[in-house]
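One file, structure-v6.json, is given below (JSON, C-alpha atoms).
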[["chain", "number", "residue", "atom", "x", "y", "z"],
["A", 1, "MET", "CA", 59.85, -16.07, -68.44],
["A", 2, "ASP", "CA", 57.37, -16.50, -71.07],
["A", 3, "GLN", "CA", 53.77, -15.66, -71.17],
["A", 4, "GLY", "CA", 52.66, -19.12, -70.17],
["A", 5, "GLU", "CA", 54.56, -18.90, -66.92],
["A", 6, "GLU", "CA", 53.34, -15.37, -66.31],
["A", 7, "SER", "CA", 49.77, -16.44, -66.73],
["A", 8, "LYS", "CA", 50.34, -19.34, -64.28],
["A", 9, "ASP", "CA", 51.70, -16.91, -61.68],
["A", 10, "SER", "CA", 48.78, -14.55, -62.14],
["A", 11, "ASP", "CA", 46.39, -17.51, -61.89],
["A", 12, "ARG", "CA", 47.89, -18.42, -58.52],
["A", 13, "ASN", "CA", 47.19, -14.94, -57.16],
["A", 14, "LEU", "CA", 43.59, -14.95, -58.33],
["A", 15, "PRO", "CA", 41.24, -17.01, -56.22],
["A", 16, "SER", "CA", 39.48, -19.80, -57.97],
["A", 17, "LYS", "CA", 35.77, -20.38, -57.72],
["A", 18, "ASP", "CA", 36.38, -23.07, -55.11],
["A", 19, "GLN", "CA", 38.72, -20.92, -52.98],
["A", 20, "LYS", "CA", 37.48, -18.07, -50.80],
["A", 21, "PRO", "CA", 39.48, -14.87, -50.54],
["A", 22, "VAL", "CA", 41.89, -15.17, -47.66],
["A", 23, "ASN", "CA", 41.39, -12.41, -45.06],
["A", 24, "GLY", "CA", 39.70, -10.14, -47.59],
["A", 25, "PHE", "CA", 36.96, -9.14, -45.17],
["A", 26, "LYS", "CA", 39.46, -8.61, -42.36],
["A", 27, "VAL", "CA", 41.62, -6.45, -44.57],
["A", 28, "LYS", "CA", 38.67, -4.37, -45.72],
["A", 29, "THR", "CA", 37.44, -3.98, -42.12],
["A", 30, "LEU", "CA", 40.87, -2.88, -40.91],
["A", 31, "ASN", "CA", 41.19, -0.41, -43.78],
["A", 32, "PHE", "CA", 37.73, 0.99, -43.00],
["A", 33, "LEU", "CA", 38.58, 1.32, -39.30],
["A", 34, "LYS", "CA", 41.87, 3.04, -40.07],
["A", 35, "LYS", "CA", 40.20, 5.53, -42.42],
["A", 36, "ASN", "CA", 37.24, 6.24, -40.06],
["A", 37, "ILE", "CA", 38.79, 5.97, -36.59],
["A", 38, "ALA", "CA", 36.94, 9.02, -35.24],
["A", 39, "ALA", "CA", 33.55, 7.75, -36.38],
["A", 40, "VAL", "CA", 34.22, 4.29, -34.92],
["A", 41, "VAL", "CA", 35.33, 5.73, -31.55],
["A", 42, "LEU", "CA", 32.29, 8.02, -31.43],
["A", 43, "THR", "CA", 29.95, 5.14, -32.32],
["A", 44, "ILE", "CA", 31.41, 2.95, -29.55],
["A", 45, "LEU", "CA", 31.20, 5.87, -27.14],
["A", 46, "LEU", "CA", 27.59, 6.46, -28.16],
["A", 47, "ILE", "CA", 26.73, 2.79, -27.55],
["A", 48, "VAL", "CA", 28.41, 2.86, -24.12],
["A", 49, "VAL", "CA", 26.58, 6.06, -23.16],
["A", 50, "PHE", "CA", 23.26, 4.62, -24.38],
["A", 51, "ILE", "CA", 23.74, 1.46, -22.30],
["A", 52, "TRP", "CA", 24.76, 3.50, -19.25],
["A", 53, "PHE", "CA", 21.72, 5.81, -19.55],
["A", 54, "SER", "CA", 19.40, 2.86, -20.09],
["A", 55, "ALA", "CA", 20.70, 1.22, -16.92],
["A", 56, "LYS", "CA", 20.41, 4.52, -15.03],
["A", 57, "ILE", "CA", 16.82, 5.02, -16.21],
["A", 58, "ALA", "CA", 15.89, 1.45, -15.20],
["A", 59, "ASN", "CA", 17.47, 2.03, -11.79],
["A", 60, "ASN", "CA", 15.60, 5.34, -11.40],
["A", 61, "LYS", "CA", 12.31, 3.67, -12.33],
["A", 62, "LYS", "CA", 12.89, 0.95, -9.75],
["A", 63, "GLN", "CA", 13.80, 3.56, -7.11],
["A", 64, "PHE", "CA", 10.72, 5.61, -8.06],
["A", 65, "GLU", "CA", 8.44, 2.58, -7.66],
["A", 66, "ASN", "CA", 9.96, 1.76, -4.27],
["A", 67, "ASP", "CA", 9.57, 5.37, -3.10],
["A", 68, "LYS", "CA", 6.01, 5.46, -4.44],
["A", 69, "ILE", "CA", 5.05, 2.29, -2.57],
["A", 70, "GLN", "CA", 6.68, 3.60, 0.60],
["A", 71, "LEU", "CA", 4.83, 6.94, 0.34],
["A", 72, "ILE", "CA", 1.50, 5.24, -0.33],
["A", 73, "THR", "CA", 1.99, 2.95, 2.65],
["A", 74, "GLN", "CA", 2.95, 5.87, 4.87],
["A", 75, "TYR", "CA", -0.05, 7.87, 3.64],
["A", 76, "GLU", "CA", -2.47, 5.01, 4.27],
["A", 77, "THR", "CA", -1.05, 4.46, 7.75],
["A", 78, "GLU", "CA", -1.40, 8.15, 8.57],
["A", 79, "ARG", "CA", -4.90, 8.25, 7.11],
["A", 80, "ASP", "CA", -5.98, 5.19, 9.11],
["A", 81, "SER", "CA", -4.45, 6.64, 12.25],
["A", 82, "LEU", "CA", -6.29, 9.94, 11.77],
["A", 83, "GLN", "CA", -9.51, 8.10, 11.00],
["A", 84, "ILE", "CA", -9.18, 6.08, 14.21],
["A", 85, "LYS", "CA", -8.44, 9.23, 16.24],
["A", 86, "SER", "CA", -11.44, 10.95, 14.69],
["A", 87, "LEU", "CA", -13.71, 8.01, 15.41],
["A", 88, "GLU", "CA", -12.35, 7.75, 18.95],
["A", 89, "PHE", "CA", -13.17, 11.43, 19.54],
["A", 90, "ALA", "CA", -16.61, 10.97, 17.98],
["A", 91, "SER", "CA", -17.31, 8.00, 20.26],
["A", 92, "ILE", "CA", -16.32, 10.05, 23.34],
["A", 93, "VAL", "CA", -18.72, 12.83, 22.36],
["A", 94, "PHE", "CA", -21.34, 10.25, 21.44],
["A", 95, "SER", "CA", -20.97, 8.63, 24.87],
["A", 96, "TRP", "CA", -21.87, 11.99, 26.45],
["A", 97, "SER", "CA", -25.11, 12.05, 24.44],
["A", 98, "ILE", "CA", -25.82, 8.46, 25.43],
["A", 99, "ARG", "CA", -25.12, 9.30, 29.09],
["A", 100, "SER", "CA", -27.63, 12.14, 29.12],
["A", 101, "GLU", "CA", -30.31, 10.01, 27.44],
["A", 102, "MET", "CA", -29.64, 7.03, 29.74],
["A", 103, "LEU", "CA", -29.94, 9.22, 32.84],
["A", 104, "ARG", "CA", -33.33, 10.37, 31.51],
["A", 105, "ASN", "CA", -34.20, 6.74, 30.64],
["A", 106, "ASN", "CA", -35.08, 7.84, 27.09],
["A", 107, "MET", "CA", -34.50, 4.60, 25.15],
["A", 108, "GLU", "CA", -36.35, 5.70, 22.02],
["A", 109, "ASN", "CA", -34.01, 8.64, 21.52],
["A", 110, "LEU", "CA", -31.02, 6.35, 22.22],
["A", 111, "ASN", "CA", -32.18, 4.08, 19.40],
["A", 112, "GLN", "CA", -32.31, 7.03, 17.01],
["A", 113, "LEU", "CA", -28.86, 8.20, 18.14],
["A", 114, "LEU", "CA", -27.38, 4.75, 17.46],
["A", 115, "THR", "CA", -28.97, 4.58, 14.02],
["A", 116, "VAL", "CA", -27.74, 8.03, 13.00],
["A", 117, "PHE", "CA", -24.24, 7.37, 14.37],
["A", 118, "VAL", "CA", -23.89, 4.20, 12.31],
["A", 119, "GLN", "CA", -25.23, 5.93, 9.20],
["A", 120, "GLU", "CA", -23.00, 9.00, 9.52],
["A", 121, "SER", "CA", -19.76, 7.31, 10.56],
["A", 122, "THR", "CA", -17.69, 4.39, 9.32],
["A", 123, "ALA", "CA", -18.86, 2.25, 12.23],
["A", 124, "SER", "CA", -20.30, -1.12, 11.33],
["A", 125, "LEU", "CA", -21.68, -2.00, 14.78],
["A", 126, "VAL", "CA", -22.48, 0.13, 17.84],
["A", 127, "GLN", "CA", -23.56, -1.42, 21.14],
["A", 128, "ILE", "CA", -24.32, -0.20, 24.64],
["A", 129, "VAL", "CA", -23.53, -2.85, 27.24],
["A", 130, "ASP", "CA", -24.44, -2.92, 30.95],
["A", 131, "PRO", "CA", -21.07, -3.39, 32.73],
["A", 132, "GLU", "CA", -22.59, -5.25, 35.72],
["A", 133, "THR", "CA", -24.67, -7.85, 33.86],
["A", 134, "ARG", "CA", -22.72, -7.77, 30.56],
["A", 135, "MET", "CA", -26.05, -7.66, 28.73],
["A", 136, "VAL", "CA", -26.38, -5.66, 25.51],
["A", 137, "ILE", "CA", -28.86, -2.88, 26.31],
["A", 138, "LEU", "CA", -29.02, -1.39, 22.78],
["A", 139, "SER", "CA", -27.37, -2.32, 19.53],
["A", 140, "SER", "CA", -27.38, -1.01, 15.99],
["A", 141, "ASP", "CA", -27.89, -4.68, 14.99],
["A", 142, "LYS", "CA", -31.06, -5.66, 16.87],
["A", 143, "LYS", "CA", -30.20, -9.38, 17.01],
["A", 144, "TYR", "CA", -27.64, -8.62, 19.76],
["A", 145, "GLU", "CA", -30.05, -6.77, 22.06],
["A", 146, "GLY", "CA", -30.93, -8.55, 25.29],
["A", 147, "ILE", "CA", -28.16, -11.15, 25.07],
["A", 148, "GLU", "CA", -24.92, -11.32, 26.99],
["A", 149, "TYR", "CA", -21.88, -9.66, 25.41],
["A", 150, "ASP", "CA", -19.60, -12.62, 24.67],
["A", 151, "LYS", "CA", -16.41, -10.93, 23.52],
["A", 152, "GLU", "CA", -13.50, -10.26, 25.85],
["A", 153, "ILE", "CA", -13.29, -6.64, 26.96],
["A", 154, "ASN", "CA", -12.48, -4.88, 30.21],
["A", 155, "PHE", "CA", -15.68, -3.42, 31.65],
["A", 156, "GLU", "CA", -13.73, -1.59, 34.36],
["A", 157, "ILE", "CA", -12.20, 0.99, 32.01],
["A", 158, "ASN", "CA", -12.21, 4.69, 32.88],
["A", 159, "GLU", "CA", -11.13, 6.06, 29.50],
["A", 160, "PRO", "CA", -11.57, 5.06, 25.85],
["A", 161, "VAL", "CA", -9.62, 2.01, 24.66],
["A", 162, "VAL", "CA", -8.83, 1.26, 21.02],
["A", 163, "ILE", "CA", -8.21, -2.38, 20.09],
["A", 164, "LYS", "CA", -6.98, -3.18, 16.57],
["A", 165, "ASP", "CA", -6.94, -6.61, 15.02],
["A", 166, "ASP", "CA", -6.74, -7.84, 11.44],
["A", 167, "GLN", "CA", -10.38, -7.45, 10.51],
["A", 168, "LYS", "CA", -11.74, -4.67, 12.70],
["A", 169, "ILE", "CA", -11.08, -1.87, 15.13],
["A", 170, "THR", "CA", -13.01, -1.80, 18.39],
["A", 171, "ILE", "CA", -13.34, 1.41, 20.41],
["A", 172, "THR", "CA", -14.61, 0.86, 23.93],
["A", 173, "THR", "CA", -15.75, 3.97, 25.83],
["A", 174, "PRO", "CA", -17.15, 4.04, 29.37],
["A", 175, "ILE", "CA", -20.46, 5.81, 30.00],
["A", 176, "MET", "CA", -20.22, 7.29, 33.48],
["A", 177, "GLY", "CA", -23.17, 8.20, 35.67],
["A", 178, "PHE", "CA", -22.93, 10.49, 38.67],
["A", 179, "SER", "CA", -20.93, 8.07, 40.80],
["A", 180, "ASN", "CA", -20.76, 4.83, 38.86],
["A", 181, "ARG", "CA", -20.38, 3.33, 35.38],
["A", 182, "ILE", "CA", -23.85, 3.03, 33.82],
["A", 183, "GLY", "CA", -22.76, 1.51, 30.53],
["A", 184, "VAL", "CA", -20.00, 0.79, 28.07],
["A", 185, "LEU", "CA", -20.17, 2.03, 24.48],
["A", 186, "ILE", "CA", -18.61, -0.38, 21.99],
["A", 187, "VAL", "CA", -18.00, 0.87, 18.43],
["A", 188, "GLU", "CA", -16.71, -1.60, 15.84],
["A", 189, "VAL", "CA", -15.25, -0.52, 12.50],
["A", 190, "LYS", "CA", -14.35, -3.00, 9.78]]
If you convert what's in this file into structure tokens, what do you get?
Amino acid sequence: MDQGEESKDSDRNLPSKDQKPVNGFKVKTLNFLKKNIAAVVLTILLIVVFIWFSAKIANNKKQFENDKIQLITQYETERDSLQIKSLEFASIVFSWSIRSEMLRNNMENLNQLLTVFVQESTASLVQIVDPETRMVILSSDKKYEGIEYDKEINFEINEPVVIKDDQKITITTPIMGFSNRIGVLIVEVK
């Protein structure tokens, strides 16, 4: 072989400007991976652990939010229940004060009691209704006084009754005289 042929063979092995190196990148990548196998395995392991912890943290956040909402709901339910029980007890004690003032026929003091009860409690409306005529004797909202009570309640009750609906809570308490029912106390809370 002469030099002309040798140079042709070496030209074949060298890529031209138009040709791209065949599998050069793949060869370099494989050589790199073979030389640095520990680093590559640790990097892949690190990526897998990062993804796993990220998913675990997202799951824990979601679980935390669900638990938080559940606890808040439970707390609000308990708080509302205790508030209703407290107001029910207050209306029972208040009915005793009303009873004593009604037996004395002291309407001016009853008016003051109603006003103070509404101011000091969460009640939005307090009414005293005559169970026989269904007329509102006294009310914290004066526009209801002297008119017939138009809402459906049982005037024959012997103990406090709590009625809950979407917008308000109504506590109905009987006011007992010596031998008969002299009134019904109705406390509404929004």
Mind dumping a table of every segment 5-97 of chain A residue within 12 Å of segment 167-186 of chain A, with the nearest atom pair and its distance in Å to one decimal, using only C-alpha atoms, sorted by chain and rising number, as JSON lines?
{"residue": "A:Asp80", "atom": "CA", "partner": "A:Ile169", "partner_atom": "CA", "distance": 10.6}
{"residue": "A:Ser81", "atom": "CA", "partner": "A:Ile169", "partner_atom": "CA", "distance": 11.2}
{"residue": "A:Gln83", "atom": "CA", "partner": "A:Ile169", "partner_atom": "CA", "distance": 10.9}
{"residue": "A:Ile84", "atom": "CA", "partner": "A:Ile169", "partner_atom": "CA", "distance": 8.2}
{"residue": "A:Lys85", "atom": "CA", "partner": "A:Ile171", "partner_atom": "CA", "distance": 10.1}
{"residue": "A:Ser86", "atom": "CA", "partner": "A:Ile171", "partner_atom": "CA", "distance": 11.3}
{"residue": "A:Leu87", "atom": "CA", "partner": "A:Ile171", "partner_atom": "CA", "distance": 8.3}
{"residue": "A:Glu88", "atom": "CA", "partner": "A:Ile171", "partner_atom": "CA", "distance": 6.6}
{"residue": "A:Phe89", "atom": "CA", "partner": "A:Ile171", "partner_atom": "CA", "distance": 10.1}
{"residue": "A:Ala90", "atom": "CA", "partner": "A:Ile171", "partner_atom": "CA", "distance": 10.4}
{"residue": "A:Ser91", "atom": "CA", "partner": "A:Thr173", "partner_atom": "CA", "distance": 7.0}
{"residue": "A:Ile92", "atom": "CA", "partner": "A:Thr173", "partner_atom": "CA", "distance": 6.6}
{"residue": "A:Val93", "atom": "CA", "partner": "A:Thr173", "partner_atom": "CA", "distance": 10.0}
{"residue": "A:Phe94", "atom": "CA", "partner": "A:Leu185", "partner_atom": "CA", "distance": 8.8}
{"residue": "A:Ser95", "atom": "CA", "partner": "A:Ile175", "partner_atom": "CA", "distance": 5.9}
{"residue": "A:Trp96", "atom": "CA", "partner": "A:Ile175", "partner_atom": "CA", "distance": 7.3}
{"residue": "A:Ser97", "atom": "CA", "partner": "A:Ile175", "partner_atom": "CA", "distance": 9.6}
Selected residue of minimal separation from Lys143 of chain A among A:Leu42, A:Phe53, A:Leu125, A:Arg99, counting all atoms listed in the file: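 The closest residue to Lys143 of chain A is A:Leu125.
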Just want the 10 Å neighbourhood of Val118 of chain A, counted on all atoms listed in the file, with same-chain residues fewer than 6 positions away dropped. Output as a list in words.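 What passes the distance filter is Ser124, Leu125, Val126, Ser140, Val187, Glu188 and Val189 of chain A.
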Would you mind exporting C-alpha atoms of the selected residues as a PDB file, keeping the file's coordinate frame?
ATOM      1  CA  SER A 124     -20.300  -1.120  11.330  1.00  0.00           C
ATOM      2  CA  LEU A 125     -21.680  -2.000  14.780  1.00  0.00           C
ATOM      3  CA  VAL A 126     -22.480   0.130  17.840  1.00  0.00           C
ATOM      4  CA  SER A 140     -27.380  -1.010  15.990  1.00  0.00           C
ATOM      5  CA  VAL A 187     -18.000   0.870  18.430  1.00  0.00           C
ATOM      6  CA  GLU A 188     -16.710  -1.600  15.840  1.00  0.00           C
ATOM      7  CA  VAL A 189     -15.250  -0.520  12.500  1.00  0.00           C
TER       8      VAL A 189
END
Nearest-residue call for Glu156 of chain A, choices A:Asp130, A:Leu46, A:Thr115, A:Lys56, using all atoms listed in the file: A:Asp130
For Ser121 of chain A, which residue among A:Pro160, A:Met102, A:Lys190, A:Ala38 is the nearest when counting only C-alpha atoms?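 For Ser121 of chain A, the nearest of the candidates is A:Lys190.
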Enter the distance from atom CA of Leu110 of chain A to atom CA of Ile128 of chain A, in Å, rounded to one decimal.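 Computing the Euclidean distance for atom CA of Leu110 of chain A and atom CA of Ile128 of chain A yields 9.7 Å.
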Would you fill the gaps in segment 61-74 of chain A so it has N, CA, C and O atoms, then print it as a short mmCIF file (atom, residue, chain, number, x, y, z; two decimals), keeping the file's coordinate frame?
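Saved to result28.cif:
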data_model
loop_
_atom_site.label_atom_id
_atom_site.label_comp_id
_atom_site.auth_asym_id
_atom_site.auth_seq_id
_atom_site.Cartn_x
_atom_site.Cartn_y
_atom_site.Cartn_z
N LYS A 61 13.69 4.16 -12.35
CA LYS A 61 12.31 3.67 -12.33
C LYS A 61 12.06 2.75 -11.14
O LYS A 61 11.04 2.85 -10.47
N LYS A 62 13.02 1.87 -10.89
CA LYS A 62 12.89 0.95 -9.75
C LYS A 62 12.87 1.74 -8.44
O LYS A 62 12.05 1.48 -7.56
N GLN A 63 13.74 2.73 -8.32
CA GLN A 63 13.80 3.56 -7.11
C GLN A 63 12.49 4.35 -6.96
O GLN A 63 11.97 4.49 -5.86
N PHE A 64 11.98 4.86 -8.08
CA PHE A 64 10.72 5.61 -8.06
C PHE A 64 9.58 4.73 -7.57
O PHE A 64 8.76 5.15 -6.75
N GLU A 65 9.50 3.50 -8.08
CA GLU A 65 8.44 2.58 -7.66
C GLU A 65 8.54 2.26 -6.18
O GLU A 65 7.53 2.22 -5.48
N ASN A 66 9.76 2.03 -5.70
CA ASN A 66 9.96 1.76 -4.27
C ASN A 66 9.55 2.95 -3.42
O ASN A 66 8.87 2.80 -2.41
N ASP A 67 9.95 4.16 -3.83
CA ASP A 67 9.57 5.37 -3.10
C ASP A 67 8.06 5.58 -3.14
O ASP A 67 7.45 5.98 -2.14
N LYS A 68 7.46 5.30 -4.29
CA LYS A 68 6.01 5.46 -4.44
C LYS A 68 5.26 4.52 -3.50
O LYS A 68 4.33 4.93 -2.82
N ILE A 69 5.69 3.26 -3.46
CA ILE A 69 5.05 2.29 -2.57
C ILE A 69 5.22 2.70 -1.11
O ILE A 69 4.28 2.62 -0.31
N GLN A 70 6.41 3.17 -0.77
CA GLN A 70 6.68 3.60 0.60
C GLN A 70 5.80 4.80 0.97
O GLN A 70 5.23 4.84 2.07
N LEU A 71 5.67 5.77 0.07
CA LEU A 71 4.83 6.94 0.34
C LEU A 71 3.36 6.56 0.46
O LEU A 71 2.64 7.07 1.33
N ILE A 72 2.90 5.67 -0.40
CA ILE A 72 1.50 5.24 -0.33
C ILE A 72 1.23 4.52 0.99
O ILE A 72 0.21 4.76 1.64
N THR A 73 2.15 3.66 1.38
CA THR A 73 1.99 2.95 2.65
C THR A 73 1.97 3.91 3.82
O THR A 73 1.14 3.79 4.73
N GLN A 74 2.88 4.87 3.80
CA GLN A 74 2.95 5.87 4.87
C GLN A 74 1.67 6.70 4.90
O GLN A 74 1.12 6.97 5.97
#
